[in-house]
Structures are given as C-alpha cells and as structure tokens.
file upload.txt (compact mmCIF, C-alpha atoms and all ligand atoms)
# COMPACT_ATOMS: atom_id res chain seq x y z
CA MET A 1 98.84 25.58 48.87
CA ALA A 2 100.16 25.40 45.31
CA LYS A 3 97.65 24.21 42.72
CA LYS A 4 97.81 22.99 39.13
CA ILE A 5 96.34 25.11 36.34
CA VAL A 6 95.95 23.84 32.80
CA VAL A 7 95.66 26.40 30.00
CA PHE A 8 94.26 25.30 26.64
CA TYR A 9 94.96 27.72 23.82
CA TYR A 10 95.25 28.09 20.10
CA THR A 11 96.90 31.06 18.43
CA GLN A 12 97.62 32.19 14.89
CA THR A 13 99.80 35.23 15.65
CA GLY A 14 100.79 34.55 19.26
CA GLN A 15 98.33 37.07 20.74
CA THR A 16 96.01 34.61 22.51
CA LEU A 17 99.00 32.94 24.15
CA GLN A 18 100.21 36.38 25.29
CA VAL A 19 96.80 37.02 26.85
CA ALA A 20 96.94 33.70 28.71
CA GLN A 21 100.52 34.30 29.85
CA SER A 22 99.69 37.79 31.12
CA VAL A 23 96.82 36.45 33.23
CA CYS A 24 98.84 33.46 34.46
CA LEU A 25 102.04 35.32 35.36
CA PRO A 26 100.94 36.11 38.94
CA LEU A 27 99.68 32.54 39.30
CA ALA A 28 103.08 31.12 38.40
CA GLU A 29 104.77 33.71 40.65
CA ALA A 30 102.50 32.62 43.49
CA GLY A 31 103.92 29.09 43.14
CA HIS A 32 101.12 27.40 41.20
CA THR A 33 102.05 25.03 38.37
CA VAL A 34 100.79 26.37 35.04
CA ILE A 35 100.74 23.90 32.15
CA TYR A 36 100.08 25.19 28.63
CA LYS A 37 98.39 22.86 26.13
CA GLU A 38 98.36 24.09 22.58
CA ILE A 39 95.54 23.09 20.25
CA ILE A 40 97.26 22.36 16.94
CA PRO A 41 95.17 22.18 13.75
CA LEU A 42 96.38 19.73 11.10
CA GLN A 43 96.07 22.57 8.58
CA PRO A 44 96.83 25.73 10.54
CA LEU A 45 95.86 29.19 9.33
CA PRO A 46 99.26 30.74 8.49
CA TYR A 47 100.37 34.14 9.74
CA PRO A 48 100.17 36.31 7.79
CA CYS A 49 97.47 34.62 5.76
CA SER A 50 95.94 35.34 2.37
CA GLY A 51 92.50 36.93 2.12
CA LYS A 52 91.31 33.67 0.60
CA SER A 53 92.37 31.54 3.58
CA PHE A 54 90.99 34.15 5.96
CA PHE A 55 87.50 33.99 4.41
CA ARG A 56 87.64 30.21 3.92
CA ALA A 57 87.41 29.91 7.71
CA PHE A 58 84.04 31.66 7.72
CA PRO A 59 81.30 29.05 7.12
CA GLU A 60 82.80 26.42 9.43
CA SER A 61 83.43 28.91 12.27
CA ARG A 62 79.87 30.21 12.12
CA GLU A 63 78.29 26.77 11.77
CA ALA A 64 80.44 25.16 14.51
CA ILE A 65 82.12 22.70 12.13
CA PRO A 66 85.41 21.59 13.70
CA CYS A 67 88.72 21.48 11.86
CA GLU A 68 91.02 18.50 12.41
CA ILE A 69 93.41 18.89 15.33
CA GLN A 70 96.29 16.88 16.76
CA PRO A 71 95.41 14.72 19.77
CA ILE A 72 95.84 16.57 23.08
CA ASP A 73 97.79 14.75 25.79
CA LEU A 74 95.76 14.96 29.01
CA ASN A 75 97.95 12.66 31.11
CA ASP A 76 99.45 15.43 33.25
CA ALA A 77 96.21 17.43 33.35
CA ALA A 78 93.87 15.15 35.28
CA ASP A 79 94.54 16.67 38.72
CA ALA A 80 94.19 20.32 37.64
CA SER A 81 92.33 22.56 40.09
CA LEU A 82 91.57 25.05 37.35
CA VAL A 83 91.22 24.94 33.57
CA ILE A 84 91.73 28.14 31.59
CA ILE A 85 90.40 28.14 28.03
CA ALA A 86 92.04 30.91 26.00
CA TYR A 87 90.26 31.25 22.68
CA GLN A 88 89.76 33.74 19.88
CA VAL A 89 86.72 34.78 17.89
CA TRP A 90 86.43 34.03 14.18
CA PHE A 91 83.48 35.57 12.38
CA LEU A 92 81.57 36.19 15.63
CA SER A 93 81.96 32.55 16.69
CA PRO A 94 84.67 30.51 18.40
CA SER A 95 87.50 29.66 15.99
CA THR A 96 87.34 26.23 14.31
CA PRO A 97 90.20 24.83 16.44
CA PHE A 98 88.00 25.53 19.47
CA HIS A 99 84.97 23.90 17.89
CA ALA A 100 87.27 20.88 17.47
CA PHE A 101 88.41 21.16 21.09
CA PHE A 102 84.94 21.34 22.59
CA GLN A 103 83.49 18.65 20.32
CA ASN A 104 86.25 16.17 21.15
CA ALA A 105 84.88 13.32 23.30
CA ALA A 106 88.04 13.03 25.46
CA ILE A 107 87.98 16.78 26.17
CA GLN A 108 84.27 16.69 27.02
CA GLN A 109 84.98 13.89 29.47
CA TYR A 110 87.95 15.82 30.88
CA LEU A 111 85.98 19.03 31.41
CA LYS A 112 83.26 17.29 33.38
CA GLY A 113 83.19 18.82 36.87
CA LYS A 114 86.30 20.95 36.22
CA THR A 115 86.33 24.60 37.29
CA CYS A 116 86.87 26.63 34.11
CA ILE A 117 87.71 30.22 33.32
CA THR A 118 87.25 31.47 29.76
CA LEU A 119 89.66 34.00 28.28
CA THR A 120 88.88 35.75 25.00
CA GLY A 121 91.37 37.65 22.86
CA CYS A 122 89.63 39.34 19.94
CA ARG A 123 89.10 42.50 17.90
CA ASN A 124 85.93 43.69 19.66
CA MET A 125 83.02 41.30 19.03
CA TRP A 126 82.90 38.39 21.46
CA VAL A 127 79.39 38.12 22.93
CA MET A 128 77.96 35.46 20.61
CA ALA A 129 81.19 33.42 20.65
CA GLN A 130 81.16 33.43 24.44
CA ALA A 131 77.51 32.31 24.46
CA LYS A 132 78.56 29.34 22.31
CA VAL A 133 81.54 28.55 24.57
CA ARG A 134 79.27 28.68 27.63
CA SER A 135 76.88 26.26 25.94
CA TYR A 136 79.78 23.89 25.13
CA LEU A 137 80.84 24.02 28.79
CA ARG A 138 77.29 23.37 29.99
CA ASP A 139 77.05 20.35 27.66
CA ALA A 140 80.34 18.99 29.04
CA ALA A 141 79.21 19.69 32.64
CA GLY A 142 82.22 21.96 33.21
CA LYS A 143 81.87 24.52 36.03
CA TRP A 144 82.26 27.95 34.49
CA ALA A 145 83.68 30.38 37.05
CA GLY A 146 84.63 33.53 35.16
CA HIS A 147 85.33 35.31 31.89
CA ILE A 148 87.99 37.79 30.85
CA VAL A 149 87.99 39.61 27.52
CA LEU A 150 90.94 41.45 26.07
CA GLN A 151 90.19 43.33 22.90
CA ASP A 152 91.29 46.08 20.56
CA ARG A 153 89.81 49.23 22.09
CA HIS A 154 90.12 51.47 19.06
CA PRO A 155 86.94 52.52 17.21
CA ASN A 156 85.29 49.70 15.27
CA LEU A 157 86.04 50.96 11.76
CA ILE A 158 89.68 51.68 12.61
CA SER A 159 90.27 48.25 14.12
CA VAL A 160 88.78 46.64 11.00
CA ILE A 161 91.52 48.30 8.93
CA THR A 162 94.33 47.55 11.37
CA ILE A 163 93.36 43.91 11.85
CA VAL A 164 93.32 43.31 8.08
CA ARG A 165 96.73 45.00 7.80
CA TRP A 166 97.98 42.82 10.65
CA LEU A 167 96.59 39.38 9.79
CA LEU A 168 96.91 39.64 6.01
CA TYR A 169 100.11 41.71 5.67
CA GLY A 170 101.89 41.05 8.98
CA LYS A 171 101.96 44.76 9.95
CA LYS A 172 100.91 45.09 13.56
CA GLU A 173 102.71 48.26 14.56
CA LYS A 174 101.42 51.83 14.44
CA SER A 175 102.08 53.68 11.20
CA GLY A 176 100.90 57.07 9.93
CA TRP A 177 97.43 57.75 11.33
CA LEU A 178 96.75 54.08 12.02
CA PRO A 179 97.28 52.77 15.55
CA ALA A 180 98.88 49.39 16.30
CA ALA A 181 96.56 46.44 15.80
CA GLY A 182 95.32 44.10 18.48
CA ILE A 183 95.30 44.23 22.25
CA SER A 184 97.36 47.09 23.69
CA ALA A 185 100.49 46.49 25.76
CA ALA A 186 98.80 48.36 28.63
CA ASP A 187 95.79 46.02 28.60
CA LEU A 188 98.09 42.99 28.49
CA ALA A 189 100.04 44.32 31.48
CA HIS A 190 96.80 45.08 33.37
CA ALA A 191 95.67 41.46 32.85
CA ALA A 192 98.01 40.44 35.70
CA VAL A 193 95.40 41.91 38.07
CA PHE A 194 92.96 39.22 36.93
CA GLY A 195 95.57 36.56 37.72
CA GLU A 196 95.86 37.92 41.28
CA ILE A 197 92.08 37.71 41.69
CA ILE A 198 92.10 34.13 40.39
CA ASP A 199 94.89 33.31 42.84
CA GLY A 200 92.62 34.47 45.69
CA ALA A 201 89.83 32.14 44.51
CA LEU A 202 92.27 29.23 44.10
CA ARG A 203 93.48 29.69 47.67
CA SER A 204 90.05 30.09 49.25
CA GLY A 205 88.34 27.53 47.01
CA ASN A 206 85.45 29.98 46.70
CA TRP A 207 84.58 30.56 43.03
CA ASN A 208 81.12 31.97 43.65
CA ASN A 209 81.89 35.65 43.34
CA LEU A 210 84.92 35.43 41.06
CA GLN A 211 83.13 36.90 38.05
CA GLU A 212 81.89 39.82 40.16
CA GLN A 213 85.46 40.56 41.24
CA LEU A 214 86.78 40.21 37.69
CA LEU A 215 84.11 42.60 36.40
CA ALA A 216 84.97 45.13 39.11
CA ALA A 217 88.62 44.95 37.99
CA GLY A 218 87.68 45.68 34.36
CA ALA A 219 87.86 42.15 32.94
CA VAL A 220 85.09 42.87 30.43
CA HIS A 221 84.55 46.10 28.52
CA TYR A 222 80.99 45.91 27.29
CA LYS A 223 79.92 48.25 24.48
CA PRO A 224 76.15 48.02 23.83
CA ALA A 225 76.44 49.60 20.35
CA VAL A 226 79.04 47.02 19.27
CA VAL A 227 76.90 44.21 20.73
CA PHE A 228 73.91 45.52 18.75
CA MET A 229 75.95 45.33 15.50
CA GLU A 230 77.33 41.94 16.47
CA LYS A 231 73.95 40.35 17.19
CA THR A 232 72.52 41.60 13.90
CA GLY A 233 75.63 40.40 12.04
CA TYR A 234 75.54 37.01 13.75
CA ARG A 235 72.04 36.26 12.45
CA ILE A 236 72.92 37.32 8.89
CA PHE A 237 76.24 35.41 8.99
CA GLY A 238 74.21 32.28 9.78
CA VAL A 239 72.22 32.67 6.57
CA TRP A 240 75.38 33.30 4.51
CA ALA A 241 77.30 30.40 6.08
CA LYS A 242 74.53 27.88 5.44
CA PHE A 243 74.12 29.16 1.88
CA ILE A 244 77.87 28.93 1.12
CA LEU A 245 78.15 25.45 2.65
CA ARG A 246 75.20 24.25 0.58
CA LYS A 247 76.24 25.88 -2.71
CA GLY A 248 79.93 25.09 -2.28
CA LYS A 249 79.49 21.46 -1.32
CA ASP A 250 81.79 19.36 -3.57
CA ASN A 251 82.58 22.47 -5.61
CA PRO A 252 85.50 24.48 -4.16
CA ALA A 253 85.48 27.03 -7.00
CA ARG A 254 81.79 27.82 -6.44
CA ARG A 255 82.43 28.00 -2.69
CA ASP A 256 85.28 30.51 -3.24
CA PHE A 257 83.06 32.55 -5.55
CA PHE A 258 80.37 32.92 -2.88
CA LEU A 259 83.00 33.64 -0.23
CA LYS A 260 84.19 36.50 -2.43
CA LEU A 261 80.62 37.82 -2.61
CA PHE A 262 80.43 37.57 1.17
CA LYS A 263 83.66 39.59 1.46
CA TYR A 264 82.18 42.44 -0.61
CA TYR A 265 78.93 42.22 1.32
CA LEU A 266 80.88 42.51 4.59
CA PHE A 267 82.71 45.61 3.40
CA VAL A 268 79.47 47.35 2.40
CA VAL A 269 77.76 46.40 5.66
CA LEU A 270 80.67 47.50 7.85
CA TYR A 271 81.24 50.87 6.23
CA PHE A 272 77.76 51.87 5.01
CA ILE A 273 74.92 49.90 6.57
CA ALA A 274 76.23 49.42 10.14
CA PRO A 275 76.86 53.18 10.71
CA ALA A 276 73.26 53.89 9.62
CA GLY A 277 72.03 51.11 11.95
CA LEU A 278 73.99 52.71 14.78
CA ILE A 279 72.12 55.99 14.36
CA PHE A 280 68.90 54.01 14.83
CA PHE A 281 70.44 52.26 17.86
CA TYR A 282 71.43 55.53 19.56
CA LEU A 283 68.04 57.13 18.83
CA ALA A 284 66.27 54.12 20.35
CA CYS A 285 68.67 53.93 23.37
CA PRO A 286 66.61 56.06 25.81
CA PHE A 287 63.56 53.83 25.20
CA ARG A 288 65.54 50.57 25.37
CA TYR A 289 67.62 51.44 28.45
CA ARG A 290 66.27 48.59 30.60
CA ALA A 291 66.57 45.97 27.83
CA ILE A 292 70.18 47.04 27.16
CA ARG A 293 71.03 46.84 30.88
CA LYS A 294 69.44 43.40 31.15
CA ASP A 295 71.35 42.23 28.10
CA LYS A 296 74.61 43.47 29.62
CA VAL A 297 74.02 41.56 32.86
CA GLN A 298 73.09 38.42 30.90
CA ASN A 299 76.22 38.62 28.74
CA THR A 300 78.71 39.41 31.48
CA ALA A 301 77.54 38.01 34.84
CA ASN A 302 77.26 34.41 36.09
C1 LIG B 1 89.37 34.35 10.29
C2 LIG B 1 89.31 35.36 11.41
C3 LIG B 1 88.09 35.93 11.76
C4 LIG B 1 88.03 36.83 12.84
N1 LIG B 1 86.79 37.33 13.23
C5 LIG B 1 86.70 38.09 14.34
C6 LIG B 1 85.42 38.51 14.83
O1 LIG B 1 84.37 38.18 14.28
N2 LIG B 1 85.38 39.29 15.93
C7 LIG B 1 86.51 39.69 16.60
O2 LIG B 1 86.40 40.41 17.57
N3 LIG B 1 87.74 39.30 16.16
C8 LIG B 1 87.86 38.50 15.08
N4 LIG B 1 89.09 38.07 14.64
C9 LIG B 1 90.30 38.41 15.42
C10 LIG B 1 90.65 37.23 16.37
O3 LIG B 1 89.63 37.05 17.31
C11 LIG B 1 91.97 37.43 17.11
O4 LIG B 1 91.94 38.53 17.91
C12 LIG B 1 93.16 37.56 16.19
O5 LIG B 1 93.03 36.66 15.13
C13 LIG B 1 94.47 37.27 16.90
O6 LIG B 1 94.38 36.06 17.62
P1 LIG B 1 95.45 34.87 17.54
O7 LIG B 1 96.55 35.29 16.64
O8 LIG B 1 95.91 34.66 18.93
O9 LIG B 1 94.75 33.66 16.99
C14 LIG B 1 89.20 37.20 13.54
C15 LIG B 1 90.43 36.64 13.14
C16 LIG B 1 90.49 35.73 12.11
C17 LIG B 1 91.82 35.13 11.73

call {"tool": "encode", "arguments": {"input": "upload.txt", "output": "structure tokens", "more": "lines below"}}
Ligand SMILES: Cc1cc2nc3c(=O)[nH]c(=O)nc-3n(C[C@H](O)[C@H](O)[C@H](O)COP(=O)(O)O)c2cc1C
result
Amino acid sequence: MAKKIVVFYYTQTGQTLQVAQSVCLPLAEAGHTVIYKEIIPLQPLPYPCSGKSFFRAFPESREAIPCEIQPIDLNDAADASLVIIAYQVWFLSPSTPFHAFFQNAAIQQYLKGKTCITLTGCRNMWVMAQAKVRSYLRDAAGKWAGHIVLQDRHPNLISVITIVRWLLYGKKEKSGWLPAAGISAADLAHAAVFGEIIDGALRSGNWNNLQEQLLAAGAVHYKPAVVFMEKTGYRIFGVWAKFILRKGKDNPARRDFFLKLFKYYLFVVLYFIAPAGLIFFYLACPFRYRAIRKDKVQNTAN
C-alpha cells in the first residue's frame, strides 16, 4: 500500500537535496507520495559564500544556537508514515537551520511518535553531529529507525582543499590534480539501494532491523582515524565557540577578529597537528582495538 513520506531538508549548494532525492527515487517509483519541505533561513548562507560568512556560522553551529527560519507548513504532513531528515554538518555539528528546525516547538510536537530516518550529506566528519541529531529526536520522542551518510571519500586533506574551492569559489568540478568536490555521482546513484531497503520496511511495517540492512548495503562508511580527529576537534571547537560568543557579544568587529584567529588555528591544526596526532592514533590502534570497535557500533547501530 502506498504511504506518505515527508522529507525535511536545507541546502546551500543543492547537494543535500540531491542526496534526499537519490534515496527517495525508488520510493516515488514504488508509488509512495514523497513531499519535500525545505527549511528556509531568513538570512541564508549564499553559494558561493565569502570566507567571512563561512566562519561566521561557526560559534552558533557548535553551540546549537538556531538561526531564524521561515515557518514550515505541516498541514499536509500530519499523516506521514515516515519522516526523512536530510541535514548537513557545519563545524562538526548540525547546521544552524537544523538547530532551528529541531528547537521549533511545532516541529517537536510533530516529530512525537513519528518514524524518522536521518540522512547526512557532508565532507567526512558526521559522528558528533549525528549524536546531537539523535538527542534532538529523543527529546522530541521521535522514533529513529535508520541513518544514511553520504560523504566525500577523498583523503581528508584533499577534501579540505576541494570543499573550500567549492563553497567559497563555486568550483566543484575536477581540475588539475584536484578531484571534484563533494559526494561522488557514483555514491549518489548507489543511494537508490537505500531507498529500496526503506521501501521494504514501509511495506512490512517492521523498522526493527532497518539500520542493520542499511549498514550491510554500505549506508555508513566509518573511518576510525577520521572519528578520532573529529572527536578531538569537537571538544576544542566547544572551547573556541564559547570564547568567541563571549568576547564577540555586542561587538561584531571583535567577534570577526577572533573568528579570523580561529581560521588560522584551524589551518595549522588540519595540516600540522592532526597528521602528528594520527601517527599516535595508528601506533595506539593495536592496543585500542576493542574500544575502537565498540565506538563504531555505538556510532552506527541502533
Ligand atoms: C559553514 C560550513 C561548515 C562545514 N563544516 C563541515 C564539517 O565540520 N564536517 C563535514 O563533514 N562537512 C562540513 N561542511 C560541509 C557540509 O556538511 C556539506 O556537505 C556542504 O556544505 C554541502 O551541503 P549543502 O550545500 O547541501 O548545504 C561544512 C559546510 C559549511 C558551509
């Protein structure tokens, strides 16, 4: 029997919508009604954006401070059998439009008891953002059923360069020795498989082993070394974000000054400190095998 699926998304470049559409294509083909609801910030991040606007999103994303968004019409969404939340990561946290979404009282009420699937489109660091999204869903009493992550699979330091080139200069395509930025066309095409799995769960009404099936189909590529860098970065970002919010309160020029410092800090960490930390990580791997495995299960399974 055909069901109704509501997809909530926000996108700066169009990528997150593409991810959602790729997953939902088989669902629409199977006869289900798929309704897309865009989350629209009152002051959207343009594409391409300046370095300044890019970094200005940092403290609020990390500290879960919502931006202002347009009201979302839920009138045709009440009888949805499935809610798909397609979000992106900003500075290791959900983007500010999603903080706004999850902190909205009407949305919290709406999500109560709803079966939800989370979809992440990002560069390569999503674990902490997903933990936050799961906690938002728990608070709203939504029933989380599965998670799919589509990411840039190039090496970390390469994707840092290509994402900057993409988001700040609008150049997504491959050029010279640099690959194309973002999620590959092959990964987007493969995402249809996840839609077919979701269709099976919709038809049977059994959501219990959906995540297991999604994992078996490659819905999450988990890289322990990247997670190690991310978790360390997440803690330090928290200190920076609080500091910038405090120092920059009522003083935009001072705030921008500290954001500039943060930018330089980030560059040094990414290219000099993180690679050294990785050597430590790999050396410690044989002794931390069980902890790493446990972490992986915690971050990917139900
Ligand atoms: C301000 C900003 C910060 C970002 N921070 C991260 C991050 O910490 N980790 C990550 O994997 N991707 C990060 N990204 C990439 C996004 O998650 C996303 O993949 C990209 O912006 C394209 O999504 P969209 O155009 O659909 O919004 C960031 C993007 C922006 C604009």

call {"tool": "residues_around", "arguments": {"input": "upload.txt", "residues": "Ile72 of chain A", "least_positions_apart": "3", "cutoff": "10 Å", "atoms": "all atoms listed in the file", "output": "number ranges by chain"}}
result
A: 8, 37-40, 69, 75, 101, 104, 106-107

call {"tool": "closest_atom_pairs", "arguments": {"input": "upload.txt", "of": "chain A", "to": "ligand LIG 1 (chain B)", "cutoff": "6 Å", "atoms": "all atoms listed in the file", "output": "JSON lines"}}
result
{"residue": "A:Thr11", "atom": "CA", "partner": "B:LIG1", "partner_atom": "O9", "distance": 3.7}
{"residue": "A:Gln12", "atom": "CA", "partner": "B:LIG1", "partner_atom": "O7", "distance": 3.7}
{"residue": "A:Thr13", "atom": "CA", "partner": "B:LIG1", "partner_atom": "O7", "distance": 3.4}
{"residue": "A:Gly14", "atom": "CA", "partner": "B:LIG1", "partner_atom": "O8", "distance": 4.9}
{"residue": "A:Gln15", "atom": "CA", "partner": "B:LIG1", "partner_atom": "O8", "distance": 3.9}
{"residue": "A:Thr16", "atom": "CA", "partner": "B:LIG1", "partner_atom": "O8", "distance": 3.6}
{"residue": "A:Phe54", "atom": "CA", "partner": "B:LIG1", "partner_atom": "C1", "distance": 4.6}
{"residue": "A:Ala57", "atom": "CA", "partner": "B:LIG1", "partner_atom": "C1", "distance": 5.5}
{"residue": "A:Gln88", "atom": "CA", "partner": "B:LIG1", "partner_atom": "O3", "distance": 4.2}
{"residue": "A:Val89", "atom": "CA", "partner": "B:LIG1", "partner_atom": "O3", "distance": 3.7}
{"residue": "A:Trp90", "atom": "CA", "partner": "B:LIG1", "partner_atom": "N1", "distance": 3.5}
{"residue": "A:Phe91", "atom": "CA", "partner": "B:LIG1", "partner_atom": "O1", "distance": 3.3}
{"residue": "A:Leu92", "atom": "CA", "partner": "B:LIG1", "partner_atom": "O1", "distance": 3.7}
{"residue": "A:Gly121", "atom": "CA", "partner": "B:LIG1", "partner_atom": "O4", "distance": 5.1}
{"residue": "A:Cys122", "atom": "CA", "partner": "B:LIG1", "partner_atom": "O4", "distance": 3.2}
{"residue": "A:Arg123", "atom": "CA", "partner": "B:LIG1", "partner_atom": "O2", "distance": 3.4}
{"residue": "A:Asn124", "atom": "CA", "partner": "B:LIG1", "partner_atom": "O2", "distance": 3.9}
{"residue": "A:Met125", "atom": "CA", "partner": "B:LIG1", "partner_atom": "O2", "distance": 3.8}
{"residue": "A:Trp126", "atom": "CA", "partner": "B:LIG1", "partner_atom": "O2", "distance": 5.6}

call {"tool": "closest_residue", "arguments": {"input": "upload.txt", "among": "A:Leu167, A:Asp73, A:Gly31, A:Gly205", "to": "Cys49 of chain A", "atoms": "all atoms listed in the file"}}
result
A:Leu167

call {"tool": "atom_distance", "arguments": {"input": "upload.txt", "atom1": "atom CA of Ala301 of chain A", "atom2": "atom CA of Ala64 of chain A"}}
result
24.2 Å

call {"tool": "residues_near_point", "arguments": {"input": "upload.txt", "point": "(88.3, 24.8, 22.9)", "cutoff": "8 Å", "atoms": "all atoms listed in the file", "output": "list of chain:residue names"}}
result
A:Phe8, A:Tyr9, A:Ile39, A:Ile85, A:Ala86, A:Tyr87, A:Pro97, A:Phe98, A:His99, A:Ala100, A:Phe101, A:Phe102, A:Val133

call {"tool": "closest_residue", "arguments": {"input": "upload.txt", "among": "A:Ala131, A:Ala225, A:Leu178, A:Ala219", "to": "Ala276 of chain A", "atoms": "only C-alpha atoms"}}
result
A:Ala225

call {"tool": "closest_residue", "arguments": {"input": "upload.txt", "among": "A:Asp79, A:Glu68, A:Asp256, A:Glu230", "to": "Ile244 of chain A", "atoms": "only C-alpha atoms"}}
result
A:Asp256

call {"tool": "atom_distance", "arguments": {"input": "upload.txt", "atom1": "atom CA of Ala185 of chain A", "atom2": "atom CA of Thr300 of chain A"}}
result
23.6 Å

call {"tool": "residues_near_point", "arguments": {"input": "upload.txt", "point": "(79.3, 24.5, 3.1)", "cutoff": "12 Å", "atoms": "all atoms listed in the file", "output": "compact mmCIF listing (two decimals) with C-alpha atoms, keeping the file's coordinate frame"}}
result
# COMPACT_ATOMS: atom_id res chain seq x y z
CA ARG A 56 87.64 30.21 3.92
CA ALA A 57 87.41 29.91 7.71
CA PHE A 58 84.04 31.66 7.72
CA PRO A 59 81.30 29.05 7.12
CA GLU A 60 82.80 26.42 9.43
CA SER A 61 83.43 28.91 12.27
CA ARG A 62 79.87 30.21 12.12
CA GLU A 63 78.29 26.77 11.77
CA ALA A 64 80.44 25.16 14.51
CA ILE A 65 82.12 22.70 12.13
CA GLY A 238 74.21 32.28 9.78
CA VAL A 239 72.22 32.67 6.57
CA TRP A 240 75.38 33.30 4.51
CA ALA A 241 77.30 30.40 6.08
CA LYS A 242 74.53 27.88 5.44
CA PHE A 243 74.12 29.16 1.88
CA ILE A 244 77.87 28.93 1.12
CA LEU A 245 78.15 25.45 2.65
CA ARG A 246 75.20 24.25 0.58
CA LYS A 247 76.24 25.88 -2.71
CA GLY A 248 79.93 25.09 -2.28
CA LYS A 249 79.49 21.46 -1.32
CA ASP A 250 81.79 19.36 -3.57
CA ASN A 251 82.58 22.47 -5.61
CA PRO A 252 85.50 24.48 -4.16
CA ARG A 254 81.79 27.82 -6.44
CA ARG A 255 82.43 28.00 -2.69
CA ASP A 256 85.28 30.51 -3.24
CA PHE A 258 80.37 32.92 -2.88
CA LEU A 259 83.00 33.64 -0.23

call {"tool": "residues_around", "arguments": {"input": "upload.txt", "residues": "segment 136-140 of chain A", "least_positions_apart": "4", "cutoff": "7 Å", "atoms": "all atoms listed in the file", "output": "number ranges by chain"}}
result
A: 102, 108-109, 111-112, 132

call {"tool": "closest_residue", "arguments": {"input": "upload.txt", "among": "A:Phe55, A:Tyr110, A:His190, A:Pro26", "to": "Leu261 of chain A", "atoms": "all atoms listed in the file"}}
result
A:Phe55

call {"tool": "atom_distance", "arguments": {"input": "upload.txt", "atom1": "atom CA of Gly142 of chain A", "atom2": "atom CA of Pro44 of chain A"}}
result
27.2 Å

call {"tool": "closest_residue", "arguments": {"input": "upload.txt", "among": "A:Val7, A:Val193, A:Leu270, A:Ala216", "to": "Ser159 of chain A", "atoms": "all atoms listed in the file"}}
result
A:Leu270

call {"tool": "closest_residue", "arguments": {"input": "upload.txt", "among": "A:Pro41, A:Gly195, A:Pro46, A:Pro71", "to": "Cys24 of chain A", "atoms": "only C-alpha atoms"}}
result
A:Gly195

call {"tool": "residues_around", "arguments": {"input": "upload.txt", "residues": "Ser22 of chain A", "least_positions_apart": "5", "cutoff": "8 Å", "atoms": "only C-alpha atoms", "output": "PyMOL selection string"}}
result
chain A and resi 188-189+191-192+195
